[in-house]
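Engineer: To be precise about what I am sending: the file is called data_12.tsv and holds TSV, C-alpha atoms and all ligand atoms.
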```tsv
chain	number	residue	atom	x	y	z
P	1	MET	CA	105.56	115.51	115.92
P	2	GLY	CA	109.19	116.17	115.28
P	3	SER	CA	110.44	112.90	116.73
P	4	GLY	CA	113.63	113.09	114.71
P	5	GLY	CA	116.27	114.53	117.00
P	6	ARG	CA	113.91	114.38	119.99
P	7	ASP	CA	116.54	112.46	121.90
P	8	GLY	CA	119.72	110.55	121.38
P	9	ASP	CA	118.09	107.48	119.88
P	10	GLY	CA	115.10	109.34	118.42
P	11	ASP	CA	112.87	106.39	119.30
P	12	ILE	CA	109.81	107.17	121.37
P	13	GLY	CA	108.67	103.56	121.48
P	14	GLY	CA	112.02	101.91	122.12
P	15	GLY	CA	113.22	100.48	125.42
P	16	ALA	CA	111.47	98.17	127.80
P	17	GLY	CA	109.45	100.08	130.34
P	18	LEU	CA	108.74	103.24	132.16
P	19	ALA	CA	112.22	103.65	133.63
P	20	ALA	CA	113.70	103.47	130.14
P	21	LEU	CA	111.14	106.00	128.91
P	22	ASP	CA	111.97	108.35	131.78
P	23	GLY	CA	115.64	108.16	130.83
P	24	ARG	CA	114.91	109.02	127.21
P	25	ILE	CA	112.67	111.92	128.18
P	26	ALA	CA	115.44	113.40	130.34
P	27	GLY	CA	117.67	113.57	127.25
P	28	CYS	CA	115.15	115.23	124.95
P	29	ARG	CA	116.10	118.45	123.12
P	30	ALA	CA	113.23	118.70	120.62
P	31	CYS	CA	111.99	122.21	121.55
P	32	PRO	CA	114.71	124.82	120.94
P	33	ARG	CA	113.01	127.60	122.95
P	34	LEU	CA	112.50	125.36	125.98
P	35	VAL	CA	115.98	123.86	125.83
P	36	GLU	CA	117.44	127.37	125.85
P	37	TRP	CA	115.20	128.54	128.70
P	38	ARG	CA	115.60	125.54	130.98
P	39	GLU	CA	119.38	125.69	130.60
P	40	GLU	CA	119.59	129.44	131.03
P	41	VAL	CA	117.55	129.25	134.25
P	42	ALA	CA	119.84	126.46	135.45
P	43	ARG	CA	122.87	128.66	134.79
P	44	THR	CA	121.61	131.94	136.22
P	45	LYS	CA	119.58	130.42	139.13
P	46	ARG	CA	117.50	132.22	141.72
P	47	ALA	CA	119.55	133.85	144.48
P	48	ALA	CA	118.00	131.63	147.15
P	49	PHE	CA	119.29	128.55	145.32
P	50	ALA	CA	122.62	129.94	144.13
P	51	GLY	CA	124.56	127.13	145.83
P	52	GLU	CA	122.53	124.35	144.22
P	53	GLU	CA	123.12	122.53	140.99
P	54	TYR	CA	119.97	122.81	138.91
P	55	TRP	CA	118.63	119.81	137.00
P	56	GLY	CA	118.09	121.96	133.89
P	57	ARG	CA	116.70	119.10	131.76
P	58	PRO	CA	113.31	117.58	130.95
P	59	VAL	CA	111.61	116.29	134.09
P	60	PRO	CA	110.21	112.74	133.73
P	61	GLY	CA	107.13	111.45	135.52
P	62	PHE	CA	107.39	110.41	139.16
P	63	GLY	CA	105.76	107.41	140.81
P	64	PRO	CA	105.39	103.65	140.45
P	65	ALA	CA	105.27	101.94	137.06
P	66	ASP	CA	102.09	100.09	138.06
P	67	ALA	CA	100.19	103.19	139.21
P	68	SER	CA	96.41	103.01	138.99
P	69	LEU	CA	96.01	106.78	139.30
P	70	LEU	CA	97.83	109.34	137.15
P	71	ILE	CA	97.96	113.06	137.89
P	72	VAL	CA	98.67	115.25	134.86
P	73	GLY	CA	99.90	118.79	135.48
P	74	LEU	CA	101.16	121.45	133.08
P	75	ALA	CA	104.96	121.77	132.97
P	76	PRO	CA	107.89	121.97	135.42
P	77	ALA	CA	108.42	125.24	137.27
P	78	ALA	CA	111.66	127.06	136.47
P	79	HIS	CA	112.97	127.02	140.05
P	80	GLY	CA	110.94	124.01	141.21
P	81	ALA	CA	111.13	120.80	139.20
P	82	ASN	CA	113.62	122.35	136.75
P	83	ARG	CA	115.90	122.76	139.78
P	84	THR	CA	115.21	119.51	141.63
P	85	GLY	CA	114.54	117.18	138.69
P	86	ARG	CA	111.32	115.72	140.13
P	87	MET	CA	107.73	116.63	139.36
P	88	PHE	CA	106.25	119.35	141.61
P	89	THR	CA	109.28	119.16	143.90
P	90	GLY	CA	110.66	122.32	145.46
P	91	ASP	CA	107.93	124.86	144.77
P	92	ARG	CA	104.68	126.18	146.26
P	93	SER	CA	102.43	124.26	143.88
P	94	GLY	CA	104.12	121.05	144.94
P	95	ASP	CA	103.76	121.98	148.62
P	96	VAL	CA	100.01	122.11	148.09
P	97	LEU	CA	99.81	118.93	146.01
P	98	TYR	CA	102.01	116.72	148.19
P	99	ALA	CA	100.35	117.88	151.41
P	100	ALA	CA	97.02	116.79	149.92
P	101	LEU	CA	98.38	113.49	148.62
P	102	HIS	CA	99.79	112.72	152.05
P	103	ASP	CA	96.55	113.67	153.78
P	104	VAL	CA	94.51	111.29	151.65
P	105	GLY	CA	97.03	108.47	152.06
P	106	LEU	CA	98.70	108.50	148.65
P	107	ALA	CA	102.16	109.79	149.66
P	108	SER	CA	104.59	108.80	152.41
P	109	ARG	CA	105.06	112.41	153.48
P	110	GLY	CA	103.54	115.80	152.86
P	111	THR	CA	106.64	117.64	151.70
P	112	ALA	CA	108.80	117.31	148.61
P	113	VAL	CA	112.13	119.10	148.59
P	114	ALA	CA	114.64	117.04	146.58
P	115	ARG	CA	114.92	113.96	144.37
P	116	ASP	CA	116.58	112.03	147.18
P	117	ASP	CA	114.26	113.08	150.03
P	118	GLY	CA	112.78	109.58	150.31
P	119	LEU	CA	109.24	110.57	149.33
P	120	GLU	CA	107.20	107.65	148.02
P	121	LEU	CA	103.89	107.69	146.17
P	122	TYR	CA	101.39	104.87	146.71
P	123	GLY	CA	99.63	103.76	143.54
P	124	VAL	CA	99.83	107.22	141.99
P	125	ARG	CA	102.15	108.71	139.42
P	126	ILE	CA	102.57	112.36	138.51
P	127	THR	CA	103.46	113.59	135.05
P	128	SER	CA	102.99	116.57	132.77
P	129	PRO	CA	102.17	117.07	129.11
P	130	VAL	CA	105.22	119.31	128.70
P	131	HIS	CA	108.39	118.07	130.38
P	132	CYS	CA	110.51	121.22	130.19
P	133	ALA	CA	110.08	124.46	132.14
P	134	PRO	CA	108.62	127.13	129.83
P	135	PRO	CA	109.06	130.91	130.13
P	136	ALA	CA	106.20	132.42	132.18
P	137	ASN	CA	104.83	128.88	132.72
P	138	LYS	CA	103.36	129.05	129.22
P	139	PRO	CA	104.31	126.42	126.68
P	140	THR	CA	103.19	127.12	123.12
P	141	PRO	CA	100.65	124.82	121.45
P	142	GLY	CA	103.49	123.66	119.19
P	143	GLU	CA	105.63	122.70	122.19
P	144	ARG	CA	102.68	120.89	123.75
P	145	ASP	CA	102.17	118.93	120.55
P	146	THR	CA	105.87	118.15	120.19
P	147	CYS	CA	105.92	116.72	123.72
P	148	ARG	CA	102.71	114.71	123.31
P	149	PRO	CA	104.35	111.45	122.11
P	150	TRP	CA	106.08	111.17	125.49
P	151	LEU	CA	102.71	111.33	127.27
P	152	VAL	CA	101.15	108.90	124.83
P	153	ARG	CA	103.94	106.41	125.45
P	154	GLU	CA	103.68	106.86	129.21
P	155	LEU	CA	99.94	106.21	129.04
P	156	GLU	CA	100.48	103.12	126.91
P	157	LEU	CA	102.96	101.74	129.44
P	158	LEU	CA	100.66	102.50	132.37
P	159	ARG	CA	97.57	101.17	130.65
P	160	PRO	CA	97.54	97.68	132.26
P	161	SER	CA	97.17	99.18	135.75
P	162	LEU	CA	95.72	102.63	135.08
P	163	ARG	CA	92.12	103.20	136.24
P	164	ALA	CA	91.83	106.96	136.82
P	165	VAL	CA	93.45	110.21	135.70
P	166	VAL	CA	93.24	113.59	137.42
P	167	VAL	CA	94.11	116.49	135.14
P	168	LEU	CA	95.15	119.74	136.80
P	169	GLY	CA	93.94	122.70	134.77
P	170	ALA	CA	92.63	123.40	131.28
P	171	PHE	CA	96.01	123.28	129.55
P	172	GLY	CA	96.67	119.79	130.83
P	173	TRP	CA	93.13	118.77	129.92
P	174	GLN	CA	93.53	119.89	126.32
P	175	ALA	CA	96.82	118.03	126.11
P	176	ALA	CA	95.62	114.89	127.87
P	177	LEU	CA	92.50	114.18	125.80
P	178	PRO	CA	94.27	113.68	122.45
P	179	ALA	CA	97.05	111.77	124.21
P	180	LEU	CA	94.51	109.42	125.78
P	181	ALA	CA	92.88	108.96	122.38
P	182	GLU	CA	96.24	108.22	120.75
P	183	ALA	CA	97.03	105.76	123.53
P	184	GLY	CA	93.91	103.80	122.66
P	185	TRP	CA	91.10	105.04	124.89
P	186	ASP	CA	87.77	105.94	123.34
P	187	VAL	CA	87.54	109.68	124.04
P	188	PRO	CA	84.16	111.16	123.09
P	189	ARG	CA	83.69	113.79	120.41
P	190	PRO	CA	83.04	116.61	120.80
P	191	ARG	CA	85.73	116.57	123.44
P	192	PRO	CA	84.47	117.00	127.03
P	193	VAL	CA	85.03	120.51	128.37
P	194	PHE	CA	87.36	121.06	131.34
P	195	GLY	CA	85.94	122.06	134.69
P	196	HIS	CA	86.76	121.49	138.32
P	197	GLY	CA	85.02	118.28	139.38
P	198	THR	CA	84.31	117.20	135.81
P	199	HIS	CA	84.16	113.42	135.62
P	200	VAL	CA	84.31	111.64	132.28
P	201	PRO	CA	84.07	107.84	132.24
P	202	LEU	CA	86.06	106.39	129.35
P	203	ASP	CA	86.32	102.70	128.54
P	204	GLY	CA	87.97	101.31	131.66
P	205	LEU	CA	89.32	104.66	132.80
P	206	ASP	CA	87.78	107.53	134.76
P	207	LEU	CA	88.96	111.02	133.93
P	208	PHE	CA	88.64	113.87	136.46
P	209	GLY	CA	89.22	117.60	136.09
P	210	CYS	CA	90.66	119.66	138.94
P	211	PHE	CA	91.80	123.28	139.05
P	212	HIS	CA	95.59	123.50	138.88
P	213	VAL	CA	97.48	123.78	142.18
P	214	SER	CA	99.13	127.01	140.98
P	215	GLN	CA	99.59	129.84	143.44
P	216	ARG	CA	97.17	131.89	141.40
P	217	ASN	CA	94.44	129.38	142.22
P	218	THR	CA	95.40	128.45	145.77
P	219	PHE	CA	96.18	131.98	147.01
P	220	THR	CA	92.88	133.30	145.71
P	221	GLY	CA	90.83	130.41	147.10
P	222	ARG	CA	89.69	129.31	143.65
P	223	LEU	CA	91.12	125.94	144.63
P	224	THR	CA	90.84	125.26	148.36
P	225	PRO	CA	92.60	122.41	150.18
P	226	ALA	CA	89.21	120.73	150.68
P	227	MET	CA	88.38	120.91	146.96
P	228	LEU	CA	91.71	119.33	146.01
P	229	ARG	CA	91.38	116.55	148.59
P	230	GLU	CA	87.86	115.78	147.46
P	231	VAL	CA	88.90	115.24	143.84
P	232	LEU	CA	91.94	113.17	144.85
P	233	ARG	CA	89.87	111.00	147.20
P	234	THR	CA	87.17	110.41	144.61
P	235	ALA	CA	89.68	109.57	141.89
P	236	ALA	CA	91.72	107.32	144.18
P	237	ARG	CA	88.65	105.39	145.30
P	238	THR	CA	87.61	105.00	141.68
P	239	ALA	CA	91.08	103.67	140.94
P	240	GLY	CA	90.72	101.11	143.72
P	241	LEU	CA	93.22	102.75	146.05
P	242	GLY	CA	92.71	102.92	149.78
P	243	VAL	CA	92.32	106.48	151.04
P	244	THR	CA	92.04	108.10	154.43
P	245	SER	CA	88.95	110.19	155.06
P	301	LIG	S1	109.10	119.94	126.17
P	301	LIG	FE1	109.04	117.73	125.74
P	301	LIG	S2	109.45	117.52	123.52
P	301	LIG	FE2	110.07	119.60	124.16
P	301	LIG	S3	112.28	119.42	124.64
P	301	LIG	FE3	111.15	119.13	126.55
P	301	LIG	S4	110.85	116.90	126.74
P	301	LIG	FE4	111.40	117.34	124.60
```
What's the structure tokens form of this structure?
Ligand code: SF4

Structural biologist:
Amino acid sequence: MGSGGRDGDGDIGGGAGLAALDGRIAGCRACPRLVEWREEVARTKRAAFAGEEYWGRPVPGFGPADASLLIVGLAPAAHGANRTGRMFTGDRSGDVLYAALHDVGLASRGTAVARDDGLELYGVRITSPVHCAPPANKPTPGERDTCRPWLVRELELLRPSLRAVVVLGAFGWQAALPALAEAGWDVPRPRPVFGHGTHVPLDGLDLFGCFHVSQRNTFTGRLTPAMLREVLRTAARTAGLGVTS
């Protein structure tokens, strides 16, 4: 797992709660390739954002510490969350996700542009199994495994309130299942296979699969706005959250 040198204190389990965990994640430097990439992107920038200061660090989860629904993505986008410092904020994937969350009543607004834009999530938190932007949006299996303890700890801290998880895409699914098992849920073997609309009841937690909100999926119609809203509504209802129809 490579926890030694993962962050300043090297202690995944230390600190009191989710805010402390988020702070430790933001200081992590455990994956040399990703540290180099996230910082290089932050230095060189995209022309459209040349005047902005990029975050250029690991992006922690976003949303309340007592969330009953967790959305698990893949990894921050180089010029999205790696720029803004907040999950799915400042890129096309996030435009799709936050519009849907707002439509079903889980977000205070349908746009996400900056960490200080005032956006609030209601009962839902968003995280990813890899917290640093990877080249070509492709973390290696080794990087996924190195980052897993952060997700395990986040799940452990959310456990008292957590009732449902929506995983966006097969990569997130493969990362989330062992993390859920490590965090104490009884995940069946053989592991359930990812699919859009897959629903796996665990002990006290309902797990849902959803195609990722990537442009590749949304531009081609593989994931339509209606499909995304349907999964979010179902998961939110299962988690006991009020949703708009
Ligand atoms: S991907 Fe995860 S483990 Fe690797 S440097 Fe980033 S926060 Fe640390």

Engineer: Taking all atoms listed in the file into account, which of P:Phe88, P:Trp185, P:Trp37, P:Trp150 comes nearest ligand LIG 301 (chain P)?

Structural biologist: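 Comparing P:Phe88, P:Trp185, P:Trp37, P:Trp150 against ligand LIG 301 (chain P), the winner is P:Trp150.
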
Engineer: Find the residues of chain P that sit at most 6 Å from ligand LIG 301 (chain P); for each, write down the nearest two atoms and how far apart they are in Å, to one decimal. Count all atoms listed in the file. Sort by chain, then by number going up, and give it as a tab-separated table.

Structural biologist:
```
residue	atom	partner	partner_atom	distance
P:Ile25	CA	P:LIG301	S4	5.5
P:Cys28	CA	P:LIG301	FE4	4.3
P:Arg29	CA	P:LIG301	S3	4.2
P:Ala30	CA	P:LIG301	S3	4.2
P:Cys31	CA	P:LIG301	FE2	4.2
P:Val35	CA	P:LIG301	S3	5.9
P:Pro58	CA	P:LIG301	S4	4.9
P:Val130	CA	P:LIG301	S1	4.7
P:His131	CA	P:LIG301	S4	4.5
P:Cys132	CA	P:LIG301	FE3	4.2
P:Glu143	CA	P:LIG301	FE2	5.8
P:Thr146	CA	P:LIG301	S2	4.9
P:Cys147	CA	P:LIG301	S2	3.6
```

Engineer: Which is closest to Asn137 (chain P) among P:Ala65, P:Ala77, P:Ala48, P:Ala99, if we use all atoms listed in the file?

Structural biologist: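 With all atoms listed in the file as the atom set, the closest residue is P:Ala77.
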
Engineer: Taking only C-alpha atoms into account, name the residue in P:Gly85, P:Val166, P:His79, P:Ser68 that is nearest to Ala47 (chain P).

Structural biologist: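 Looking at the shortest contact to Ala47 (chain P), the residue is P:His79.
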
Engineer: Write out as a ChimeraX atom specification which residues come within 12 Å of Ala181 (chain P) when counting all atoms listed in the file, dropping same-chain ones fewer than 5 positions away.

Structural biologist: /P:148-149,151-153,155-156,174-176,186-189,191,202-203,205

Engineer: Using only C-alpha atoms - which residues lie no farther than 10 Å from the point (112.4, 113.6, 133.6) in the file's frame? Write them as a list of chain:residue names.

Structural biologist: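 Residues lying no farther than 10 Å from the given point: P:Ala19, P:Leu21, P:Asp22, P:Gly23, P:Arg24, P:Ile25, P:Ala26, P:Gly27, P:Cys28, P:Trp55, P:Arg57, P:Pro58, P:Val59, P:Pro60, P:Gly61, P:Phe62, P:Pro76, P:Ala81, P:Asn82, P:Gly85, P:Arg86, P:Met87, P:Thr127, P:Ser128, P:His131, P:Cys132.
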
Engineer: Looking at P:Gly221, P:Ala183, P:Val167, P:Thr89, which one is nearest to Gly195 (chain P), with distances taken over all atoms listed in the file?

Structural biologist: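 The closest residue to Gly195 (chain P) is P:Val167.
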
Engineer: Using all atoms of region 153-169 of chain P listed in the file and a margin of 6 Å per side, can you give the axis-aligned box centre and edge lengths in Å to one decimal, as AutoDock Vina command-line options?

Structural biologist:
```
--center_x 97.9 --center_y 110.2 --center_z 131.4 --size_x 24.1 --size_y 37.0 --size_z 24.0
```

Engineer: Which polymer residues, whether protein, DNA or RNA, lie within 10 Å of the coordinate (115.9, 130.2, 132.1) when you count only C-alpha atoms? List them as a short mmCIF file (atom, residue, chain, number, x, y, z; two decimals) with C-alpha atoms, in the coordinates of the input, using the chain letters and numbers from the file.

Structural biologist:
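The result, stored in result.cif:
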```cif
data_model
loop_
_atom_site.label_atom_id
_atom_site.label_comp_id
_atom_site.auth_asym_id
_atom_site.auth_seq_id
_atom_site.Cartn_x
_atom_site.Cartn_y
_atom_site.Cartn_z
CA ARG P 33 113.01 127.60 122.95
CA LEU P 34 112.50 125.36 125.98
CA VAL P 35 115.98 123.86 125.83
CA GLU P 36 117.44 127.37 125.85
CA TRP P 37 115.20 128.54 128.70
CA ARG P 38 115.60 125.54 130.98
CA GLU P 39 119.38 125.69 130.60
CA GLU P 40 119.59 129.44 131.03
CA VAL P 41 117.55 129.25 134.25
CA ALA P 42 119.84 126.46 135.45
CA ARG P 43 122.87 128.66 134.79
CA THR P 44 121.61 131.94 136.22
CA LYS P 45 119.58 130.42 139.13
CA ARG P 46 117.50 132.22 141.72
CA GLY P 56 118.09 121.96 133.89
CA ALA P 78 111.66 127.06 136.47
CA HIS P 79 112.97 127.02 140.05
CA ASN P 82 113.62 122.35 136.75
CA ALA P 133 110.08 124.46 132.14
CA PRO P 134 108.62 127.13 129.83
CA PRO P 135 109.06 130.91 130.13
CA ALA P 136 106.20 132.42 132.18
#
```

Engineer: Using only C-alpha atoms for the distances, tell me which of P:Val104, P:Leu70, P:Val165, P:Leu228 is nearest to Gly123 (chain P).

Structural biologist: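 Ranked by minimum distance to Gly123 (chain P), first place goes to P:Leu70.
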
Engineer: Find the residue from P:Val72, P:Ala67, P:Leu168, P:Ala107 that sits nearest to Leu180 (chain P); use all atoms listed in the file when measuring.

Structural biologist: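 Going through P:Val72, P:Ala67, P:Leu168, P:Ala107 one by one, the smallest distance to Leu180 (chain P) is for P:Val72.
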
Engineer: To one decimal in Å, tell me the separation between CA of Thr224 (chain P) and CA of Thr244 (chain P).

Structural biologist: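 Calculated distance between CA of Thr224 (chain P) and CA of Thr244 (chain P) is 18.2 Å.
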
Engineer: Please report the interatomic distance between CA of Gln215 (chain P) and CA of Arg109 (chain P) in Å with one decimal.

Structural biologist: 20.8 Å

Engineer: For CA of Val113 (chain P) and CA of Pro64 (chain P), quote the distance in Å rounded to one decimal.

Structural biologist: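 These two atoms are separated by 18.7 Å.
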
Engineer: Neighbours of Asn217 (chain P) within 12 Å (all atoms listed in the file; same-chain residues fewer than 3 positions away dropped), as a list in words?

Structural biologist: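 Residues meeting the cut-off are Arg92, Ser93, Val96, Leu168, Gly169, His196, Cys210, Phe211, His212, Val213, Ser214, Thr220, Gly221, Arg222, Leu223, Thr224, Pro225, Met227 and Leu228 of chain P.
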
Engineer: Could the residues in this selection be saved with C-alpha atoms as a compact mmCIF listing (two decimals), in the frame of the given file?

Structural biologist:
```
# COMPACT_ATOMS: atom_id res chain seq x y z
CA ARG P 92 104.68 126.18 146.26
CA SER P 93 102.43 124.26 143.88
CA VAL P 96 100.01 122.11 148.09
CA LEU P 168 95.15 119.74 136.80
CA GLY P 169 93.94 122.70 134.77
CA HIS P 196 86.76 121.49 138.32
CA CYS P 210 90.66 119.66 138.94
CA PHE P 211 91.80 123.28 139.05
CA HIS P 212 95.59 123.50 138.88
CA VAL P 213 97.48 123.78 142.18
CA SER P 214 99.13 127.01 140.98
CA THR P 220 92.88 133.30 145.71
CA GLY P 221 90.83 130.41 147.10
CA ARG P 222 89.69 129.31 143.65
CA LEU P 223 91.12 125.94 144.63
CA THR P 224 90.84 125.26 148.36
CA PRO P 225 92.60 122.41 150.18
CA MET P 227 88.38 120.91 146.96
CA LEU P 228 91.71 119.33 146.01
```
